Amino acid sequence: MQYPTDFKYTKEHEWIKSDGKTATIGITHHAQESLGDIVFVDLPKAGSEITAGKAFGSVESVKAVSDLYAPASGTVTEVNGELATAPEKINKDAHGAWMVKVTLKDPGEVNSLLSAADYEKFVAEEG
């Protein structure tokens with residue numbers, strides 16, 4: 001799997017694409033593959049605060065329910081409403097089916113996350 005090089009990644013298998021003070025967050029291809037068919041996504045409402053390293057929602061698949069962990073701290077500005085009725089979009093395109101958009105508290109916070117190459121190495125070692 002080729003992971004987008006303009007994203008940063010967490011060891012909990014979330015991705016973040018930062019554009020200055022705003023960022024888009026989702027889960028990785030590896031995460032959706034491990035979960036199997038995703039049937040439900042529980043996401044915060046716009047205006048909610050999320051904190052780096054803390055759970056901000058969950059993903060439910062036919063196999064399990066997994067928490068979503070914030071890769072960075074900020075305020076949710078938009079939630080992908082399509083996932084409420086079509087959570088399987090994550091299975092089809094994990095890196096295109098974003099979950100939330102946030103205004104970052106500290107844009108530099110994303111610099112401590114894994115690069116695409118580091119994430120690929122992490123996934124290979126984990127497997």
# chains A, B, ... in the order shown; residues from 1 in each chain; ligands from 1

call {"tool": "residues_around", "arguments": {"residues": "segment 84-98 of chain A", "least_positions_apart": "6", "cutoff": "6 Å", "atoms": "only C-alpha atoms", "output": "ChimeraX atom specification"}}
result
/A:25-26,28-29,32,38-40

call {"tool": "write_last_selection", "arguments": {"atoms": "all heavy atoms", "output": "CSV table (one decimal), in the first residue's frame"}}
result
chain,number,residue,atom,x,y,z
A,25,ILE,N,-8.7,14.8,9.1
A,25,ILE,CA,-8.3,13.6,9.8
A,25,ILE,C,-9.2,12.4,9.4
A,25,ILE,O,-10.4,12.6,9.1
A,25,ILE,CB,-8.5,13.8,11.4
A,25,ILE,CG1,-7.6,14.9,11.9
A,25,ILE,CG2,-8.3,12.5,12.1
A,25,ILE,CD1,-7.9,15.4,13.3
A,26,GLY,N,-8.5,11.3,9.3
A,26,GLY,CA,-9.2,10.0,8.9
A,26,GLY,C,-8.4,8.8,9.4
A,26,GLY,O,-7.5,9.0,10.2
A,28,THR,N,-6.3,5.2,8.4
A,28,THR,CA,-5.4,4.7,7.4
A,28,THR,C,-6.0,3.4,6.7
A,28,THR,O,-6.9,2.8,7.2
A,28,THR,CB,-4.0,4.3,7.9
A,28,THR,OG1,-4.2,3.2,8.8
A,28,THR,CG2,-3.4,5.5,8.6
A,29,HIS,N,-5.5,3.1,5.5
A,29,HIS,CA,-5.9,1.9,4.8
A,29,HIS,C,-5.6,0.7,5.6
A,29,HIS,O,-6.5,-0.2,5.7
A,29,HIS,CB,-5.1,1.9,3.5
A,29,HIS,CG,-5.3,0.6,2.7
A,29,HIS,ND1,-6.4,0.4,2.0
A,29,HIS,CD2,-4.6,-0.5,2.6
A,29,HIS,CE1,-6.4,-0.8,1.4
A,29,HIS,NE2,-5.3,-1.4,1.8
A,32,GLN,N,-8.5,0.3,8.2
A,32,GLN,CA,-9.8,-0.2,7.7
A,32,GLN,C,-9.7,-1.6,7.2
A,32,GLN,O,-10.6,-2.4,7.4
A,32,GLN,CB,-10.3,0.7,6.5
A,32,GLN,CG,-9.6,0.7,5.2
A,32,GLN,CD,-9.9,-0.5,4.3
A,32,GLN,OE1,-10.9,-1.1,4.4
A,32,GLN,NE2,-8.9,-0.9,3.5
A,38,ILE,N,-16.8,-1.7,7.7
A,38,ILE,CA,-17.2,-0.7,8.6
A,38,ILE,C,-18.7,-0.5,8.5
A,38,ILE,O,-19.2,-0.2,7.4
A,38,ILE,CB,-16.3,0.6,8.4
A,38,ILE,CG1,-14.9,0.3,8.8
A,38,ILE,CG2,-16.9,1.7,9.3
A,38,ILE,CD1,-13.9,1.4,8.5
A,39,VAL,N,-19.4,-0.5,9.6
A,39,VAL,CA,-20.8,-0.4,9.6
A,39,VAL,C,-21.3,0.8,10.3
A,39,VAL,O,-22.5,1.2,10.2
A,39,VAL,CB,-21.5,-1.7,10.2
A,39,VAL,CG1,-21.2,-2.9,9.4
A,39,VAL,CG2,-21.0,-1.9,11.7
A,40,PHE,N,-20.5,1.5,11.1
A,40,PHE,CA,-20.9,2.7,11.9
A,40,PHE,C,-19.7,3.5,12.3
A,40,PHE,O,-18.7,3.0,12.6
A,40,PHE,CB,-21.7,2.3,13.1
A,40,PHE,CG,-22.3,3.4,13.9
A,40,PHE,CD1,-23.3,4.2,13.5
A,40,PHE,CD2,-21.7,3.8,15.1
A,40,PHE,CE1,-23.8,5.3,14.2
A,40,PHE,CE2,-22.2,4.8,15.9
A,40,PHE,CZ,-23.2,5.6,15.4

call {"tool": "residues_around", "arguments": {"residues": "segment 51-62 of chain A", "least_positions_apart": "3", "cutoff": "9 Å", "atoms": "only C-alpha atoms", "output": "compact mmCIF listing (two decimals) with N, CA, C and O atoms, in the first residue's frame"}}
result
# COMPACT_ATOMS: atom_id res chain seq x y z
N GLU A 12 -1.63 4.80 16.15
CA GLU A 12 -2.99 4.28 16.35
C GLU A 12 -3.73 4.18 15.01
O GLU A 12 -4.92 3.90 14.98
N GLN A 32 -8.51 0.33 8.21
CA GLN A 32 -9.78 -0.16 7.66
C GLN A 32 -9.67 -1.62 7.25
O GLN A 32 -10.60 -2.39 7.39
N LEU A 35 -9.89 -3.69 10.41
CA LEU A 35 -11.24 -3.68 10.97
C LEU A 35 -12.22 -4.53 10.17
O LEU A 35 -13.14 -5.11 10.73
N GLY A 36 -12.05 -4.58 8.87
CA GLY A 36 -13.03 -5.26 8.02
C GLY A 36 -14.14 -4.30 7.66
O GLY A 36 -13.96 -3.08 7.69
N ASP A 37 -15.32 -4.83 7.33
CA ASP A 37 -16.43 -3.99 6.86
C ASP A 37 -16.91 -3.03 7.94
O ASP A 37 -17.41 -3.46 8.99
N ILE A 38 -16.75 -1.74 7.69
CA ILE A 38 -17.16 -0.71 8.64
C ILE A 38 -18.67 -0.46 8.49
O ILE A 38 -19.16 -0.24 7.39
N VAL A 39 -19.38 -0.53 9.64
CA VAL A 39 -20.83 -0.41 9.62
C VAL A 39 -21.34 0.84 10.32
O VAL A 39 -22.49 1.23 10.15
N PHE A 40 -20.50 1.49 11.14
CA PHE A 40 -20.94 2.68 11.87
C PHE A 40 -19.74 3.51 12.28
O PHE A 40 -18.70 2.97 12.63
N VAL A 41 -19.90 4.84 12.23
CA VAL A 41 -18.85 5.76 12.66
C VAL A 41 -19.48 6.75 13.63
O VAL A 41 -20.51 7.35 13.34
N ASP A 42 -18.88 6.90 14.81
CA ASP A 42 -19.34 7.86 15.82
C ASP A 42 -18.32 8.99 15.87
O ASP A 42 -17.18 8.79 16.28
N LEU A 43 -18.74 10.17 15.43
CA LEU A 43 -17.83 11.32 15.33
C LEU A 43 -18.34 12.48 16.19
O LEU A 43 -19.54 12.59 16.43
N PRO A 44 -17.43 13.36 16.62
CA PRO A 44 -17.85 14.51 17.42
C PRO A 44 -18.61 15.52 16.56
O PRO A 44 -18.51 15.49 15.34
N VAL A 65 -15.33 -2.73 17.74
CA VAL A 65 -15.46 -1.28 17.85
C VAL A 65 -14.09 -0.77 18.26
O VAL A 65 -13.49 -1.27 19.20
N SER A 66 -13.59 0.22 17.53
CA SER A 66 -12.28 0.78 17.83
C SER A 66 -12.38 2.29 18.05
O SER A 66 -13.10 2.97 17.31
N ASP A 67 -11.67 2.78 19.07
CA ASP A 67 -11.64 4.22 19.30
C ASP A 67 -10.81 4.90 18.23
O ASP A 67 -9.87 4.32 17.67
N LEU A 68 -11.15 6.16 17.97
CA LEU A 68 -10.38 7.03 17.09
C LEU A 68 -9.59 7.97 17.99
O LEU A 68 -10.17 8.56 18.91
N TYR A 69 -8.30 8.10 17.75
CA TYR A 69 -7.46 8.97 18.57
C TYR A 69 -7.00 10.18 17.77
O TYR A 69 -6.53 10.04 16.64
N ALA A 70 -7.14 11.35 18.37
CA ALA A 70 -6.78 12.59 17.70
C ALA A 70 -5.27 12.68 17.48
O ALA A 70 -4.51 12.53 18.42
N PRO A 71 -4.85 12.90 16.23
CA PRO A 71 -3.42 13.06 15.96
C PRO A 71 -2.90 14.42 16.41
O PRO A 71 -1.71 14.60 16.61
N ALA A 72 -3.81 15.38 16.60
CA ALA A 72 -3.43 16.73 17.04
C ALA A 72 -4.63 17.36 17.75
O ALA A 72 -5.75 16.90 17.62
N SER A 73 -4.36 18.41 18.52
CA SER A 73 -5.42 19.10 19.27
C SER A 73 -6.02 20.23 18.44
O SER A 73 -5.31 20.87 17.66
N GLY A 74 -7.32 20.45 18.64
CA GLY A 74 -7.97 21.54 17.93
C GLY A 74 -9.47 21.52 18.10
O GLY A 74 -10.01 20.77 18.91
N THR A 75 -10.14 22.34 17.30
CA THR A 75 -11.59 22.45 17.32
C THR A 75 -12.16 21.89 16.02
O THR A 75 -11.71 22.27 14.94
N PRO A 87 -20.91 4.51 5.88
CA PRO A 87 -19.60 4.32 6.51
C PRO A 87 -18.66 3.44 5.69
O PRO A 87 -17.43 3.52 5.84
N GLU A 109 2.34 20.86 16.09
CA GLU A 109 2.11 19.58 16.77
C GLU A 109 2.21 18.39 15.80
O GLU A 109 2.67 17.32 16.17

call {"tool": "residues_around", "arguments": {"residues": "Gln2 of chain A", "least_positions_apart": "6", "cutoff": "10 Å", "atoms": "only C-alpha atoms", "output": "ChimeraX atom specification"}}
result
/A:29,116-117,120

call {"tool": "write_last_selection", "arguments": {"atoms": "N, CA, C and O atoms", "output": "compact mmCIF listing (two decimals), in the first residue's frame"}}
result
# COMPACT_ATOMS: atom_id res chain seq x y z
N HIS A 29 -5.49 3.15 5.51
CA HIS A 29 -5.87 1.95 4.77
C HIS A 29 -5.62 0.71 5.64
O HIS A 29 -6.46 -0.20 5.69
N ALA A 116 5.02 9.17 5.96
CA ALA A 116 4.48 8.01 5.24
C ALA A 116 5.46 6.84 5.30
O ALA A 116 5.08 5.70 5.57
N ALA A 117 6.75 7.11 5.07
CA ALA A 117 7.78 6.05 5.09
C ALA A 117 7.89 5.43 6.48
O ALA A 117 7.98 4.20 6.62
N GLU A 120 4.78 3.26 7.12
CA GLU A 120 4.86 1.98 6.39
C GLU A 120 5.78 1.01 7.12
O GLU A 120 5.47 -0.17 7.24

call {"tool": "closest_residue", "arguments": {"among": "A:Thr10, A:Thr24, A:Thr5, A:Ser18", "to": "Leu114 of chain A", "atoms": "only C-alpha atoms"}}
result
A:Thr10

call {"tool": "select_by_dssp", "arguments": {"residues": "chain A", "states": "helix (DSSP H, G or I)", "output": "PyMOL selection string"}}
result
chain A and resi 29-35+82-85+89-92+107-112+116-126

call {"tool": "residues_around", "arguments": {"residues": "Phe7 of chain A", "least_positions_apart": "4", "cutoff": "7 Å", "atoms": "only C-alpha atoms", "output": "PDB file with C-alpha atoms, in the first residue's frame"}}
result
ATOM      1  CA  TRP A  15      -3.859  10.139   9.299  1.00  0.00           C
ATOM      2  CA  ILE A  16      -3.849  13.913   9.285  1.00  0.00           C
ATOM      3  CA  LYS A  17      -3.383  16.279   6.371  1.00  0.00           C
ATOM      4  CA  ALA A 116       4.483   8.007   5.241  1.00  0.00           C
TER       5      ALA A 116
END

call {"tool": "closest_residue", "arguments": {"among": "A:Asn80, A:Ser48, A:Thr22, A:Ser34", "to": "Val102 of chain A", "atoms": "only C-alpha atoms"}}
result
A:Thr22

call {"tool": "closest_residue", "arguments": {"among": "A:Ala124, A:Glu78, A:Leu113, A:Met99", "to": "Met1 of chain A", "atoms": "only C-alpha atoms"}}
result
A:Ala124

call {"tool": "select_by_dssp", "arguments": {"residues": "chain A", "states": "strand (DSSP E)", "output": "ChimeraX atom specification"}}
result
/A:8-9,14-19,22-27,38-42,49-50,55-61,65-69,74-79,100-104

call {"tool": "closest_residue", "arguments": {"among": "A:Lys63, A:Lys8, A:Ser112, A:Lys105", "to": "Glu33 of chain A", "atoms": "only C-alpha atoms"}}
result
A:Lys63

call {"tool": "atom_distance", "arguments": {"atom1": "atom CA of Ala23 of chain A", "atom2": "atom CA of Val110 of chain A"}}
result
9.6 Å

call {"tool": "atom_distance", "arguments": {"atom1": "atom CA of Val79 of chain A", "atom2": "atom CA of Ser115 of chain A"}}
result
24.6 Å

call {"tool": "decode", "arguments": {"residues": "segment 55-71 of chain A", "atoms": "N, CA, C and O atoms", "output": "mmCIF file, in the first residue's frame"}}
result
data_model
loop_
_atom_site.group_PDB
_atom_site.id
_atom_site.type_symbol
_atom_site.label_atom_id
_atom_site.label_comp_id
_atom_site.auth_asym_id
_atom_site.auth_seq_id
_atom_site.Cartn_x
_atom_site.Cartn_y
_atom_site.Cartn_z
ATOM 1 N N ALA A 55 -9.154 9.885 22.718
ATOM 2 C CA ALA A 55 -10.226 9.393 21.836
ATOM 3 C C ALA A 55 -11.186 10.532 21.496
ATOM 4 O O ALA A 55 -11.520 11.342 22.356
ATOM 5 N N PHE A 56 -11.596 10.597 20.223
ATOM 6 C CA PHE A 56 -12.567 11.622 19.808
ATOM 7 C C PHE A 56 -13.783 11.014 19.125
ATOM 8 O O PHE A 56 -14.708 11.714 18.744
ATOM 9 N N GLY A 57 -13.811 9.701 18.995
ATOM 10 C CA GLY A 57 -14.922 9.013 18.353
ATOM 11 C C GLY A 57 -14.606 7.541 18.255
ATOM 12 O O GLY A 57 -13.635 7.068 18.854
ATOM 13 N N SER A 58 -15.414 6.825 17.470
ATOM 14 C CA SER A 58 -15.158 5.396 17.292
ATOM 15 C C SER A 58 -15.633 4.924 15.924
ATOM 16 O O SER A 58 -16.438 5.589 15.275
ATOM 17 N N VAL A 59 -15.080 3.787 15.540
ATOM 18 C CA VAL A 59 -15.443 3.132 14.284
ATOM 19 C C VAL A 59 -15.900 1.730 14.645
ATOM 20 O O VAL A 59 -15.214 1.022 15.381
ATOM 21 N N GLU A 60 -17.069 1.342 14.133
ATOM 22 C CA GLU A 60 -17.596 0.009 14.412
ATOM 23 C C GLU A 60 -17.581 -0.795 13.119
ATOM 24 O O GLU A 60 -18.042 -0.335 12.077
ATOM 25 N N SER A 61 -17.004 -1.979 13.217
ATOM 26 C CA SER A 61 -16.993 -2.881 12.062
ATOM 27 C C SER A 61 -17.703 -4.165 12.446
ATOM 28 O O SER A 61 -18.136 -4.324 13.584
ATOM 29 N N VAL A 62 -17.791 -5.082 11.496
ATOM 30 C CA VAL A 62 -18.416 -6.366 11.791
ATOM 31 C C VAL A 62 -17.583 -7.150 12.811
ATOM 32 O O VAL A 62 -18.092 -8.026 13.479
ATOM 33 N N LYS A 63 -16.298 -6.780 12.959
ATOM 34 C CA LYS A 63 -15.399 -7.477 13.884
ATOM 35 C C LYS A 63 -15.330 -6.847 15.270
ATOM 36 O O LYS A 63 -15.245 -7.550 16.262
ATOM 37 N N ALA A 64 -15.302 -5.501 15.337
ATOM 38 C CA ALA A 64 -15.016 -4.837 16.614
ATOM 39 C C ALA A 64 -15.391 -3.358 16.571
ATOM 40 O O ALA A 64 -15.690 -2.813 15.514
ATOM 41 N N VAL A 65 -15.333 -2.731 17.741
ATOM 42 C CA VAL A 65 -15.461 -1.280 17.851
ATOM 43 C C VAL A 65 -14.086 -0.766 18.258
ATOM 44 O O VAL A 65 -13.486 -1.274 19.198
ATOM 45 N N SER A 66 -13.588 0.221 17.535
ATOM 46 C CA SER A 66 -12.275 0.785 17.829
ATOM 47 C C SER A 66 -12.381 2.289 18.047
ATOM 48 O O SER A 66 -13.103 2.974 17.307
ATOM 49 N N ASP A 67 -11.671 2.776 19.065
ATOM 50 C CA ASP A 67 -11.637 4.218 19.300
ATOM 51 C C ASP A 67 -10.806 4.903 18.229
ATOM 52 O O ASP A 67 -9.874 4.320 17.669
ATOM 53 N N LEU A 68 -11.153 6.157 17.971
ATOM 54 C CA LEU A 68 -10.376 7.029 17.089
ATOM 55 C C LEU A 68 -9.592 7.972 17.985
ATOM 56 O O LEU A 68 -10.168 8.559 18.909
ATOM 57 N N TYR A 69 -8.299 8.103 17.746
ATOM 58 C CA TYR A 69 -7.460 8.967 18.570
ATOM 59 C C TYR A 69 -7.003 10.177 17.769
ATOM 60 O O TYR A 69 -6.532 10.042 16.640
ATOM 61 N N ALA A 70 -7.141 11.346 18.372
ATOM 62 C CA ALA A 70 -6.784 12.593 17.703
ATOM 63 C C ALA A 70 -5.275 12.676 17.483
ATOM 64 O O ALA A 70 -4.510 12.528 18.424
ATOM 65 N N PRO A 71 -4.847 12.897 16.231
ATOM 66 C CA PRO A 71 -3.419 13.060 15.963
ATOM 67 C C PRO A 71 -2.895 14.423 16.409
ATOM 68 O O PRO A 71 -1.706 14.601 16.607
#
